[in-house]
Amino acid sequence: MIADNINIVSEKIAERCDNIGRKLSEITVVAVSKTNPLSAIREAFSAGLTNFGENKAQELRDKNSELELNVNWHFIGHLQTNKVKYVIEPSTLIHSVDSTKLADEINTRAELIGKVQNILLEVNTSGEVSKFGLQNEAEVIEITDYINTLKNVNLKGLMTMAPYTDDVNEIRKCFVGLRNLKDKLVKIGYNLSDLSMGMTNDYEIAIEEGSTILRIGSAIFGERNYKGK
Ligand SMILES: *Cc1c(COP(=O)(O)O)cnc(C)c1O
């Protein structure tokens with residue numbers, strides 16, 4: 001079942017890339033395994049996926065310690081400073097940095113274990129008050145300048161969540177906003193490459209708008225049995 005889902009998603013991604021002339025190799029699929037058991041992760045791994053995303057710090061820590069497979073973990077949820085210690089060792093990429101305080105704690109913990117932690121900045125492109133993330137370009141530039149002074153944090157790009165809606169234009173506007181922001185920062189000399197955007201509901205739009213990291217949960221693992229974020 002999971003393998004079938006992965007085939008379907010992979011085909012859709014390949015088709016969309018083909019249609020717009022993007023290389024498939026530019027796109028990483030993060031299988032969002034939150035709330036799903038290790039058996040589901042093993043199944044997805046067997047089907048070829050190696051990147052997995054979790055949004056709760058302890059859940060990522062526990063799954064990492066119980067799983068015998070060598071996977072790349074992505075932390076994609078809101079991260080409290082006091083929980084950085086749970087995710088710092090296993091995380092390949094932390095997608096959701098939105099304050100200098102959090103960046104500081106990541107830097108301190110990464111230094112302790114001799115690691116340079118790759119991160120993304122979460123940007124609120126929808127303006128929804130329920131969403132975390134930096135609110136505007138000025139905030140992004142301010143925190144980027146700060147992070148560039150930290151030795152054990154490496155800023156790779158930006159992440160956003162579009163609103164959950166059927167309104168394709170509204171979704172697309174968020175993704176275009178994130179891409180434009182990245183392009184602008186690159187133009188003025190910042191070194192950013194990744195755009196983490198696109199979920200089950202909207203990953204095909206995200207591909208069209210330049211996403212390099214798709215975070216896909218329910219299209220791979222099936223509907224979650226709670227209304228999680
Ligand atoms: C849960 C979650 C996803 C995946 O959601 P689906 O709609 O199941 O694909 C992606 N990104 C974040 C930040 C999430 O919390």
# chains A, B, ... in the order shown; residues from 1 in each chain; ligands from 1
>>> residues_near_ligand(ligand="ligand 1", cutoff="10 Å", atoms="only C-alpha atoms and all ligand atoms", output="short mmCIF file (atom, residue, chain, number, x, y, z; two decimals) with N, CA and C atoms, in the first residue's frame")
data_model
loop_
_atom_site.label_atom_id
_atom_site.label_comp_id
_atom_site.auth_asym_id
_atom_site.auth_seq_id
_atom_site.Cartn_x
_atom_site.Cartn_y
_atom_site.Cartn_z
N VAL A 30 10.66 14.46 1.20
CA VAL A 30 10.70 14.10 2.61
C VAL A 30 9.36 13.42 2.94
N ALA A 31 9.43 12.17 3.32
CA ALA A 31 8.21 11.43 3.69
C ALA A 31 7.87 11.79 5.14
N VAL A 32 6.75 12.49 5.32
CA VAL A 32 6.40 12.96 6.66
C VAL A 32 5.72 11.82 7.42
N SER A 33 6.49 11.23 8.32
CA SER A 33 6.08 9.99 9.00
C SER A 33 5.44 10.21 10.37
N LYS A 34 5.23 11.46 10.74
CA LYS A 34 4.63 11.77 12.05
C LYS A 34 3.37 10.94 12.30
N THR A 35 3.23 10.47 13.49
CA THR A 35 2.11 9.63 13.98
C THR A 35 2.12 8.22 13.38
N GLY A 53 10.34 12.95 7.77
CA GLY A 53 10.07 14.18 8.51
C GLY A 53 9.19 13.94 9.72
N GLU A 54 9.55 14.58 10.80
CA GLU A 54 8.76 14.52 12.04
C GLU A 54 8.54 15.94 12.55
N ASN A 55 7.41 16.14 13.25
CA ASN A 55 7.13 17.49 13.75
C ASN A 55 7.10 17.58 15.28
N LYS A 56 7.42 16.47 15.96
CA LYS A 56 7.50 16.50 17.42
C LYS A 56 8.89 16.02 17.82
N PHE A 75 13.49 17.71 10.79
CA PHE A 75 12.56 18.23 11.78
C PHE A 75 11.77 19.36 11.13
N ILE A 76 10.44 19.20 11.07
CA ILE A 76 9.63 20.14 10.30
C ILE A 76 8.61 20.91 11.14
N GLY A 77 8.52 20.60 12.44
CA GLY A 77 7.50 21.24 13.27
C GLY A 77 8.03 22.44 14.02
N HIS A 78 7.15 23.06 14.77
CA HIS A 78 7.59 24.18 15.61
C HIS A 78 8.53 23.64 16.68
N HIS A 95 13.85 22.41 9.52
CA HIS A 95 13.18 23.28 8.55
C HIS A 95 12.56 24.54 9.15
N SER A 96 12.48 24.61 10.46
CA SER A 96 11.51 25.52 11.07
C SER A 96 12.11 26.54 12.04
N GLU A 122 11.78 29.33 8.62
CA GLU A 122 10.35 29.23 8.29
C GLU A 122 9.78 30.63 8.11
N PHE A 132 3.27 29.62 12.30
CA PHE A 132 4.54 30.11 12.81
C PHE A 132 5.34 30.68 11.65
N MET A 159 11.60 27.87 4.19
CA MET A 159 10.49 26.92 4.24
C MET A 159 9.19 27.67 4.47
N THR A 160 8.12 27.17 3.87
CA THR A 160 6.80 27.75 4.19
C THR A 160 5.70 26.70 4.09
N MET A 161 4.58 27.04 4.68
CA MET A 161 3.36 26.24 4.57
C MET A 161 2.28 27.11 3.96
N ALA A 162 1.65 26.60 2.91
CA ALA A 162 0.52 27.32 2.33
C ALA A 162 -0.72 27.02 3.17
N TYR A 164 -4.39 25.64 4.13
CA TYR A 164 -5.14 24.46 3.69
C TYR A 164 -6.42 24.92 3.03
N SER A 196 11.80 24.70 0.83
CA SER A 196 10.99 23.59 1.34
C SER A 196 9.53 24.02 1.31
N MET A 197 8.81 23.55 0.32
CA MET A 197 7.40 23.91 0.20
C MET A 197 6.68 22.85 -0.63
N GLY A 198 5.43 22.60 -0.25
CA GLY A 198 4.63 21.59 -0.93
C GLY A 198 4.37 20.41 -0.03
N MET A 199 3.07 20.11 0.18
CA MET A 199 2.61 18.99 0.98
C MET A 199 1.65 18.17 0.11
N THR A 200 0.98 17.21 0.72
CA THR A 200 0.08 16.35 -0.05
C THR A 200 -0.88 17.14 -0.93
N ASN A 201 -1.45 18.18 -0.35
CA ASN A 201 -2.49 18.95 -1.01
C ASN A 201 -1.98 19.84 -2.15
N ASP A 202 -0.69 20.16 -2.12
CA ASP A 202 -0.23 21.23 -3.02
C ASP A 202 1.18 21.02 -3.59
N TYR A 203 1.69 19.78 -3.53
CA TYR A 203 3.09 19.63 -3.96
C TYR A 203 3.31 19.84 -5.45
N LEU A 214 10.02 18.65 -1.01
CA LEU A 214 8.59 18.43 -0.79
C LEU A 214 8.42 17.67 0.51
N ARG A 215 7.46 18.08 1.33
CA ARG A 215 7.19 17.38 2.60
C ARG A 215 5.83 16.69 2.47
N ILE A 216 5.85 15.40 2.19
CA ILE A 216 4.60 14.71 1.85
C ILE A 216 4.29 13.62 2.87
N GLY A 217 3.14 13.75 3.51
CA GLY A 217 2.73 12.79 4.52
C GLY A 217 1.63 11.87 4.05
N SER A 218 0.39 12.37 4.09
CA SER A 218 -0.76 11.48 3.86
C SER A 218 -0.81 10.85 2.47
N ALA A 219 -0.26 11.49 1.46
CA ALA A 219 -0.26 10.86 0.13
C ALA A 219 0.62 9.60 0.13
N ILE A 220 1.54 9.51 1.08
CA ILE A 220 2.42 8.34 1.17
C ILE A 220 1.91 7.33 2.20
N PHE A 221 1.58 7.83 3.38
CA PHE A 221 1.25 6.93 4.49
C PHE A 221 -0.25 6.75 4.72
N GLY A 222 -1.06 7.46 3.97
CA GLY A 222 -2.50 7.43 4.21
C GLY A 222 -2.90 8.51 5.21
N GLU A 223 -4.19 8.68 5.35
CA GLU A 223 -4.70 9.72 6.27
C GLU A 223 -4.25 9.44 7.69
N ARG A 224 -3.82 10.50 8.39
CA ARG A 224 -3.49 10.32 9.81
C ARG A 224 -4.77 10.24 10.61
N LYS A 227 -6.28 14.98 13.80
CA LYS A 227 -6.11 16.21 13.03
C LYS A 227 -4.84 16.90 13.47
N GLY A 228 -3.70 16.38 13.03
CA GLY A 228 -2.43 16.96 13.41
C GLY A 228 -2.10 18.14 12.53
N LYS A 229 -1.05 18.86 12.84
CA LYS A 229 -0.66 19.99 12.03
C LYS A 229 0.23 19.53 10.90
#
>>> select_by_dssp(residues="stretch 1-216 of chain A", states="strand (DSSP E)", output="mmCIF file with all heavy atoms, in the first residue's frame")
data_model
loop_
_atom_site.group_PDB
_atom_site.id
_atom_site.type_symbol
_atom_site.label_atom_id
_atom_site.label_comp_id
_atom_site.auth_asym_id
_atom_site.auth_seq_id
_atom_site.Cartn_x
_atom_site.Cartn_y
_atom_site.Cartn_z
ATOM 1 N N THR A 28 13.927 16.828 -3.586
ATOM 2 C CA THR A 28 14.010 15.816 -2.539
ATOM 3 C C THR A 28 12.625 15.612 -1.936
ATOM 4 O O THR A 28 11.940 16.586 -1.613
ATOM 5 C CB THR A 28 14.959 16.290 -1.410
ATOM 6 O OG1 THR A 28 16.265 16.480 -1.968
ATOM 7 C CG2 THR A 28 15.043 15.272 -0.280
ATOM 8 N N VAL A 29 12.227 14.365 -1.818
ATOM 9 C CA VAL A 29 10.955 14.074 -1.156
ATOM 10 C C VAL A 29 11.233 13.691 0.297
ATOM 11 O O VAL A 29 11.971 12.746 0.567
ATOM 12 C CB VAL A 29 10.216 12.911 -1.849
ATOM 13 C CG1 VAL A 29 8.976 12.510 -1.049
ATOM 14 C CG2 VAL A 29 9.831 13.302 -3.274
ATOM 15 N N VAL A 30 10.662 14.460 1.205
ATOM 16 C CA VAL A 30 10.698 14.095 2.612
ATOM 17 C C VAL A 30 9.363 13.423 2.938
ATOM 18 O O VAL A 30 8.303 14.047 2.802
ATOM 19 C CB VAL A 30 10.906 15.334 3.508
ATOM 20 C CG1 VAL A 30 10.785 14.964 4.983
ATOM 21 C CG2 VAL A 30 12.263 15.973 3.232
ATOM 22 N N ALA A 31 9.428 12.166 3.318
ATOM 23 C CA ALA A 31 8.214 11.433 3.690
ATOM 24 C C ALA A 31 7.874 11.788 5.136
ATOM 25 O O ALA A 31 8.633 11.484 6.053
ATOM 26 C CB ALA A 31 8.440 9.936 3.555
ATOM 27 N N VAL A 32 6.754 12.486 5.317
ATOM 28 C CA VAL A 32 6.402 12.961 6.658
ATOM 29 C C VAL A 32 5.719 11.824 7.425
ATOM 30 O O VAL A 32 4.554 11.495 7.197
ATOM 31 C CB VAL A 32 5.510 14.216 6.580
ATOM 32 C CG1 VAL A 32 5.096 14.662 7.976
ATOM 33 C CG2 VAL A 32 6.258 15.345 5.875
ATOM 34 N N ASN A 51 14.512 9.960 3.184
ATOM 35 C CA ASN A 51 14.311 11.186 3.969
ATOM 36 C C ASN A 51 12.957 11.150 4.665
ATOM 37 O O ASN A 51 11.927 10.983 4.008
ATOM 38 C CB ASN A 51 14.393 12.412 3.068
ATOM 39 C CG ASN A 51 15.796 12.646 2.562
ATOM 40 O OD1 ASN A 51 16.647 13.168 3.275
ATOM 41 N ND2 ASN A 51 16.057 12.229 1.330
ATOM 42 N N PHE A 52 12.973 11.326 5.984
ATOM 43 C CA PHE A 52 11.735 11.250 6.756
ATOM 44 C C PHE A 52 11.583 12.486 7.638
ATOM 45 O O PHE A 52 12.555 12.998 8.178
ATOM 46 C CB PHE A 52 11.718 9.968 7.590
ATOM 47 C CG PHE A 52 11.627 8.736 6.723
ATOM 48 C CD1 PHE A 52 12.770 8.121 6.235
ATOM 49 C CD2 PHE A 52 10.389 8.250 6.324
ATOM 50 C CE1 PHE A 52 12.693 7.016 5.384
ATOM 51 C CE2 PHE A 52 10.291 7.151 5.467
ATOM 52 C CZ PHE A 52 11.444 6.533 5.005
ATOM 53 N N GLY A 53 10.345 12.950 7.767
ATOM 54 C CA GLY A 53 10.074 14.177 8.510
ATOM 55 C C GLY A 53 9.190 13.940 9.716
ATOM 56 O O GLY A 53 8.210 13.193 9.640
ATOM 57 N N GLU A 54 9.551 14.583 10.804
ATOM 58 C CA GLU A 54 8.755 14.515 12.041
ATOM 59 C C GLU A 54 8.536 15.936 12.546
ATOM 60 O O GLU A 54 9.374 16.821 12.346
ATOM 61 C CB GLU A 54 9.500 13.705 13.113
ATOM 62 C CG GLU A 54 9.657 12.226 12.770
ATOM 63 C CD GLU A 54 8.343 11.436 12.907
ATOM 64 O OE1 GLU A 54 7.448 11.881 13.653
ATOM 65 O OE2 GLU A 54 8.239 10.379 12.251
ATOM 66 N N ASN A 72 17.687 9.786 6.756
ATOM 67 C CA ASN A 72 17.919 11.214 7.016
ATOM 68 C C ASN A 72 16.665 11.786 7.670
ATOM 69 O O ASN A 72 15.589 11.777 7.061
ATOM 70 C CB ASN A 72 18.177 11.970 5.709
ATOM 71 C CG ASN A 72 19.419 11.478 5.002
ATOM 72 O OD1 ASN A 72 20.434 11.188 5.642
ATOM 73 N ND2 ASN A 72 19.349 11.367 3.693
ATOM 74 N N TRP A 73 16.833 12.319 8.872
ATOM 75 C CA TRP A 73 15.688 12.899 9.570
ATOM 76 C C TRP A 73 15.580 14.385 9.309
ATOM 77 O O TRP A 73 16.577 15.109 9.321
ATOM 78 C CB TRP A 73 15.820 12.685 11.079
ATOM 79 C CG TRP A 73 15.639 11.267 11.503
ATOM 80 C CD1 TRP A 73 16.616 10.429 11.976
ATOM 81 C CD2 TRP A 73 14.423 10.504 11.527
ATOM 82 N NE1 TRP A 73 16.088 9.199 12.280
ATOM 83 C CE2 TRP A 73 14.743 9.218 12.011
ATOM 84 C CE3 TRP A 73 13.104 10.789 11.170
ATOM 85 C CZ2 TRP A 73 13.790 8.211 12.156
ATOM 86 C CZ3 TRP A 73 12.148 9.790 11.307
ATOM 87 C CH2 TRP A 73 12.494 8.524 11.798
ATOM 88 N N HIS A 74 14.345 14.825 9.115
ATOM 89 C CA HIS A 74 14.068 16.252 8.943
ATOM 90 C C HIS A 74 13.128 16.680 10.061
ATOM 91 O O HIS A 74 12.061 16.080 10.223
ATOM 92 C CB HIS A 74 13.387 16.509 7.594
ATOM 93 C CG HIS A 74 14.279 16.218 6.427
ATOM 94 N ND1 HIS A 74 14.750 17.199 5.589
ATOM 95 C CD2 HIS A 74 14.787 15.047 5.965
ATOM 96 C CE1 HIS A 74 15.519 16.640 4.655
ATOM 97 N NE2 HIS A 74 15.546 15.340 4.858
ATOM 98 N N PHE A 75 13.493 17.707 10.787
ATOM 99 C CA PHE A 75 12.560 18.230 11.778
ATOM 100 C C PHE A 75 11.774 19.361 11.130
ATOM 101 O O PHE A 75 12.339 20.365 10.698
ATOM 102 C CB PHE A 75 13.263 18.707 13.052
ATOM 103 C CG PHE A 75 12.244 19.007 14.102
ATOM 104 C CD1 PHE A 75 11.669 17.986 14.831
ATOM 105 C CD2 PHE A 75 11.782 20.301 14.298
ATOM 106 C CE1 PHE A 75 10.654 18.236 15.755
ATOM 107 C CE2 PHE A 75 10.765 20.561 15.219
ATOM 108 C CZ PHE A 75 10.215 19.534 15.944
ATOM 109 N N SER A 91 19.103 15.054 13.376
ATOM 110 C CA SER A 91 18.515 15.814 12.259
ATOM 111 C C SER A 91 19.500 16.173 11.155
ATOM 112 O O SER A 91 20.516 16.821 11.397
ATOM 113 C CB SER A 91 17.872 17.102 12.773
ATOM 114 O OG SER A 91 16.753 16.813 13.578
ATOM 115 N N THR A 92 19.162 15.793 9.950
ATOM 116 C CA THR A 92 19.905 16.223 8.766
ATOM 117 C C THR A 92 19.602 17.694 8.485
ATOM 118 O O THR A 92 20.490 18.464 8.135
ATOM 119 C CB THR A 92 19.461 15.390 7.540
ATOM 120 O OG1 THR A 92 19.801 14.026 7.788
ATOM 121 C CG2 THR A 92 20.131 15.866 6.264
ATOM 122 N N LEU A 93 18.332 18.047 8.644
ATOM 123 C CA LEU A 93 17.903 19.415 8.342
ATOM 124 C C LEU A 93 16.760 19.803 9.279
ATOM 125 O O LEU A 93 15.801 19.053 9.426
ATOM 126 C CB LEU A 93 17.435 19.496 6.877
ATOM 127 C CG LEU A 93 16.988 20.851 6.338
ATOM 128 C CD1 LEU A 93 18.147 21.848 6.333
ATOM 129 C CD2 LEU A 93 16.437 20.718 4.913
ATOM 130 N N ILE A 94 16.881 20.977 9.892
ATOM 131 C CA ILE A 94 15.797 21.533 10.705
ATOM 132 C C ILE A 94 15.133 22.631 9.864
ATOM 133 O O ILE A 94 15.774 23.623 9.505
ATOM 134 C CB ILE A 94 16.330 22.097 12.041
ATOM 135 C CG1 ILE A 94 16.967 20.976 12.877
ATOM 136 C CG2 ILE A 94 15.210 22.795 12.822
ATOM 137 C CD1 ILE A 94 17.650 21.437 14.163
ATOM 138 N N HIS A 95 13.855 22.407 9.516
ATOM 139 C CA HIS A 95 13.175 23.278 8.550
ATOM 140 C C HIS A 95 12.561 24.540 9.149
ATOM 141 O O HIS A 95 12.073 25.374 8.406
ATOM 142 C CB HIS A 95 12.011 22.512 7.893
ATOM 143 C CG HIS A 95 12.405 21.408 6.982
ATOM 144 N ND1 HIS A 95 11.865 21.241 5.729
ATOM 145 C CD2 HIS A 95 13.284 20.389 7.131
ATOM 146 C CE1 HIS A 95 12.382 20.174 5.143
ATOM 147 N NE2 HIS A 95 13.243 19.622 5.980
ATOM 148 N N SER A 96 12.475 24.613 10.464
ATOM 149 C CA SER A 96 11.508 25.524 11.072
ATOM 150 C C SER A 96 12.109 26.542 12.036
ATOM 151 O O SER A 96 11.509 26.867 13.049
ATOM 152 C CB SER A 96 10.475 24.673 11.808
ATOM 153 O OG SER A 96 11.142 23.646 12.556
ATOM 154 N N VAL A 97 13.272 27.082 11.691
ATOM 155 C CA VAL A 97 13.891 28.076 12.573
ATOM 156 C C VAL A 97 13.223 29.432 12.325
ATOM 157 O O VAL A 97 13.056 29.847 11.177
ATOM 158 C CB VAL A 97 15.418 28.157 12.327
ATOM 159 C CG1 VAL A 97 16.046 29.256 13.173
ATOM 160 C CG2 VAL A 97 16.055 26.805 12.630
ATOM 161 N N GLN A 117 24.997 22.269 11.914
ATOM 162 C CA GLN A 117 23.600 21.900 11.669
ATOM 163 C C GLN A 117 23.025 22.677 10.493
ATOM 164 O O GLN A 117 22.997 23.909 10.507
ATOM 165 C CB GLN A 117 22.765 22.162 12.926
ATOM 166 C CG GLN A 117 21.290 21.827 12.764
ATOM 167 C CD GLN A 117 21.062 20.335 12.549
ATOM 168 O OE1 GLN A 117 21.465 19.509 13.365
ATOM 169 N NE2 GLN A 117 20.419 19.985 11.439
ATOM 170 N N ASN A 118 22.550 21.962 9.492
ATOM 171 C CA ASN A 118 21.846 22.601 8.382
ATOM 172 C C ASN A 118 20.431 22.979 8.812
ATOM 173 O O ASN A 118 19.724 22.173 9.432
ATOM 174 C CB ASN A 118 21.754 21.647 7.187
ATOM 175 C CG ASN A 118 23.093 21.472 6.498
ATOM 176 O OD1 ASN A 118 23.913 22.396 6.468
ATOM 177 N ND2 ASN A 118 23.331 20.294 5.958
ATOM 178 N N ILE A 119 20.044 24.190 8.460
ATOM 179 C CA ILE A 119 18.701 24.674 8.838
ATOM 180 C C ILE A 119 18.055 25.436 7.675
ATOM 181 O O ILE A 119 18.717 25.876 6.741
ATOM 182 C CB ILE A 119 18.738 25.607 10.070
ATOM 183 C CG1 ILE A 119 19.490 26.907 9.740
ATOM 184 C CG2 ILE A 119 19.354 24.920 11.286
ATOM 185 C CD1 ILE A 119 19.093 28.055 10.633
ATOM 186 N N LEU A 120 16.744 25.611 7.825
ATOM 187 C CA LEU A 120 15.988 26.519 6.969
ATOM 188 C C LEU A 120 15.276 27.515 7.868
ATOM 189 O O LEU A 120 15.013 27.223 9.038
ATOM 190 C CB LEU A 120 14.934 25.756 6.155
ATOM 191 C CG LEU A 120 15.404 24.578 5.293
ATOM 192 C CD1 LEU A 120 14.201 23.860 4.681
ATOM 193 C CD2 LEU A 120 16.363 25.040 4.211
ATOM 194 N N LEU A 121 14.938 28.656 7.318
ATOM 195 C CA LEU A 121 14.112 29.619 8.046
ATOM 196 C C LEU A 121 12.665 29.435 7.626
ATOM 197 O O LEU A 121 12.360 29.388 6.428
ATOM 198 C CB LEU A 121 14.538 31.052 7.723
ATOM 199 C CG LEU A 121 15.906 31.491 8.230
ATOM 200 C CD1 LEU A 121 16.187 32.918 7.753
ATOM 201 C CD2 LEU A 121 15.980 31.402 9.756
ATOM 202 N N GLU A 122 11.780 29.335 8.616
ATOM 203 C CA GLU A 122 10.355 29.232 8.293
ATOM 204 C C GLU A 122 9.778 30.629 8.110
ATOM 205 O O GLU A 122 9.933 31.502 8.958
ATOM 206 C CB GLU A 122 9.596 28.487 9.396
ATOM 207 C CG GLU A 122 8.115 28.362 9.056
ATOM 208 C CD GLU A 122 7.354 27.406 9.965
ATOM 209 O OE1 GLU A 122 7.970 26.771 10.837
ATOM 210 O OE2 GLU A 122 6.124 27.307 9.777
ATOM 211 N N VAL A 153 25.968 26.648 12.642
ATOM 212 C CA VAL A 153 24.675 26.625 11.960
ATOM 213 C C VAL A 153 24.889 27.047 10.510
ATOM 214 O O VAL A 153 25.563 28.043 10.241
ATOM 215 C CB VAL A 153 23.670 27.598 12.633
ATOM 216 C CG1 VAL A 153 22.371 27.640 11.854
ATOM 217 C CG2 VAL A 153 23.403 27.188 14.073
ATOM 218 N N ASN A 154 24.343 26.255 9.595
ATOM 219 C CA ASN A 154 24.470 26.551 8.169
ATOM 220 C C ASN A 154 23.077 26.749 7.570
ATOM 221 O O ASN A 154 22.287 25.812 7.494
ATOM 222 C CB ASN A 154 25.193 25.385 7.477
ATOM 223 C CG ASN A 154 25.399 25.631 5.994
ATOM 224 O OD1 ASN A 154 25.507 26.772 5.546
ATOM 225 N ND2 ASN A 154 25.430 24.559 5.224
ATOM 226 N N LEU A 155 22.813 27.976 7.159
ATOM 227 C CA LEU A 155 21.496 28.293 6.597
ATOM 228 C C LEU A 155 21.439 27.908 5.122
ATOM 229 O O LEU A 155 22.195 28.427 4.306
ATOM 230 C CB LEU A 155 21.224 29.795 6.767
ATOM 231 C CG LEU A 155 19.902 30.312 6.207
ATOM 232 C CD1 LEU A 155 18.709 29.594 6.811
ATOM 233 C CD2 LEU A 155 19.789 31.812 6.431
ATOM 234 N N LYS A 156 20.527 26.995 4.805
ATOM 235 C CA LYS A 156 20.453 26.452 3.442
ATOM 236 C C LYS A 156 19.329 27.057 2.607
ATOM 237 O O LYS A 156 19.323 26.920 1.391
ATOM 238 C CB LYS A 156 20.208 24.934 3.493
ATOM 239 C CG LYS A 156 21.243 24.154 4.257
ATOM 240 C CD LYS A 156 22.424 23.783 3.392
ATOM 241 C CE LYS A 156 22.033 22.795 2.317
ATOM 242 N NZ LYS A 156 23.153 22.507 1.421
ATOM 243 N N GLY A 157 18.319 27.635 3.274
ATOM 244 C CA GLY A 157 17.202 28.151 2.487
ATOM 245 C C GLY A 157 15.992 28.480 3.332
ATOM 246 O O GLY A 157 16.106 28.730 4.540
ATOM 247 N N LEU A 158 14.826 28.457 2.677
ATOM 248 C CA LEU A 158 13.584 28.905 3.311
ATOM 249 C C LEU A 158 12.508 27.823 3.226
ATOM 250 O O LEU A 158 12.498 27.004 2.315
ATOM 251 C CB LEU A 158 13.067 30.167 2.606
ATOM 252 C CG LEU A 158 14.047 31.336 2.460
ATOM 253 C CD1 LEU A 158 13.388 32.457 1.649
ATOM 254 C CD2 LEU A 158 14.496 31.863 3.825
ATOM 255 N N MET A 159 11.601 27.867 4.194
ATOM 256 C CA MET A 159 10.489 26.916 4.235
ATOM 257 C C MET A 159 9.192 27.668 4.466
ATOM 258 O O MET A 159 9.171 28.687 5.144
ATOM 259 C CB MET A 159 10.733 25.945 5.395
ATOM 260 C CG MET A 159 9.655 24.929 5.642
ATOM 261 S SD MET A 159 8.343 25.452 6.763
ATOM 262 C CE MET A 159 8.100 23.964 7.696
ATOM 263 N N ASP A 194 17.840 26.211 -0.981
ATOM 264 C CA ASP A 194 16.655 25.354 -0.874
ATOM 265 C C ASP A 194 15.358 26.096 -0.604
ATOM 266 O O ASP A 194 15.316 27.086 0.116
ATOM 267 C CB ASP A 194 16.866 24.315 0.229
ATOM 268 C CG ASP A 194 17.716 23.162 -0.264
ATOM 269 O OD1 ASP A 194 17.352 22.586 -1.302
ATOM 270 O OD2 ASP A 194 18.754 22.879 0.364
ATOM 271 N N LEU A 195 14.293 25.551 -1.189
ATOM 272 C CA LEU A 195 12.931 25.994 -0.889
ATOM 273 C C LEU A 195 12.146 24.764 -0.459
ATOM 274 O O LEU A 195 11.870 23.875 -1.270
ATOM 275 C CB LEU A 195 12.274 26.602 -2.134
ATOM 276 C CG LEU A 195 12.784 27.963 -2.604
ATOM 277 C CD1 LEU A 195 12.111 28.345 -3.929
ATOM 278 C CD2 LEU A 195 12.512 29.037 -1.549
ATOM 279 N N SER A 196 11.796 24.698 0.826
ATOM 280 C CA SER A 196 10.987 23.594 1.341
ATOM 281 C C SER A 196 9.534 24.022 1.311
ATOM 282 O O SER A 196 9.085 24.804 2.151
ATOM 283 C CB SER A 196 11.436 23.247 2.770
ATOM 284 O OG SER A 196 10.522 22.360 3.385
ATOM 285 N N ILE A 213 12.385 20.902 -1.929
ATOM 286 C CA ILE A 213 12.099 19.894 -0.906
ATOM 287 C C ILE A 213 10.583 19.817 -0.702
ATOM 288 O O ILE A 213 9.944 20.799 -0.306
ATOM 289 C CB ILE A 213 12.766 20.240 0.445
ATOM 290 C CG1 ILE A 213 14.282 20.446 0.274
ATOM 291 C CG2 ILE A 213 12.494 19.140 1.477
ATOM 292 C CD1 ILE A 213 14.979 20.898 1.554
ATOM 293 N N LEU A 214 10.019 18.654 -1.011
ATOM 294 C CA LEU A 214 8.590 18.435 -0.791
ATOM 295 C C LEU A 214 8.421 17.669 0.511
ATOM 296 O O LEU A 214 9.147 16.712 0.775
ATOM 297 C CB LEU A 214 7.994 17.623 -1.944
ATOM 298 C CG LEU A 214 8.263 18.127 -3.362
ATOM 299 C CD1 LEU A 214 7.751 17.114 -4.391
ATOM 300 C CD2 LEU A 214 7.606 19.483 -3.591
ATOM 301 N N ARG A 215 7.462 18.077 1.332
ATOM 302 C CA ARG A 215 7.188 17.380 2.600
ATOM 303 C C ARG A 215 5.831 16.687 2.471
ATOM 304 O O ARG A 215 4.795 17.333 2.606
ATOM 305 C CB ARG A 215 7.168 18.381 3.767
ATOM 306 C CG ARG A 215 8.391 19.296 3.833
ATOM 307 C CD ARG A 215 8.264 20.279 4.993
ATOM 308 N NE ARG A 215 6.981 20.966 5.021
ATOM 309 C CZ ARG A 215 6.735 22.143 4.433
ATOM 310 N NH1 ARG A 215 7.674 22.793 3.793
ATOM 311 N NH2 ARG A 215 5.527 22.685 4.497
ATOM 312 N N ILE A 216 5.849 15.402 2.193
ATOM 313 C CA ILE A 216 4.601 14.712 1.851
ATOM 314 C C ILE A 216 4.287 13.620 2.869
ATOM 315 O O ILE A 216 5.080 12.690 3.066
ATOM 316 C CB ILE A 216 4.696 14.122 0.431
ATOM 317 C CG1 ILE A 216 5.014 15.246 -0.573
ATOM 318 C CG2 ILE A 216 3.397 13.409 0.069
ATOM 319 C CD1 ILE A 216 5.162 14.775 -2.004
#
>>> residues_around(residues="A:Cys174", least_positions_apart="2", cutoff="9 Å", atoms="only C-alpha atoms", output="PyMOL selection string")
chain A and resi 124-126+160-163+169-172+176-179
>>> residues_around(residues="stretch 59-65 of chain A", least_positions_apart="6", cutoff="7 Å", atoms="only C-alpha atoms", output="list of chain:residue names")
A:Leu38, A:Tyr86, A:Val87, A:Pro90
>>> atom_distance(atom1="atom CA of A:Glu209", atom2="atom CA of A:Asp167")
15.8 Å
>>> atom_distance(atom1="atom CA of A:Ser99", atom2="atom CA of A:Glu111")
18.4 Å
>>> closest_residue(among="A:Val9, A:Thr50, A:Val129, A:Lys85", to="A:Glu105", atoms="only C-alpha atoms")
A:Lys85
>>> atom_distance(atom1="atom CA of A:Val140", atom2="atom CA of A:Ile13")
29.5 Å
>>> closest_residue(among="A:Ala3, A:Ser10, A:Val71, A:Glu26", to="A:Ala40", atoms="only C-alpha atoms")
A:Ala3
>>> select_by_dssp(residues="stretch 32-119 of chain A", states="alpha helix (DSSP H)", output="ChimeraX atom specification")
/A:38-46,57-66,84-87,100-112
>>> residues_around(residues="A:Thr108", least_positions_apart="5", cutoff="12 Å", atoms="only C-alpha atoms", output="PyMOL selection string")
chain A and resi 81+84-85+88+101-103+113-117+150-153
>>> residues_around(residues="stretch 15-22 of chain A", least_positions_apart="6", cutoff="12 Å", atoms="only C-alpha atoms", output="PyMOL selection string")
chain A and resi 8-9+203-212
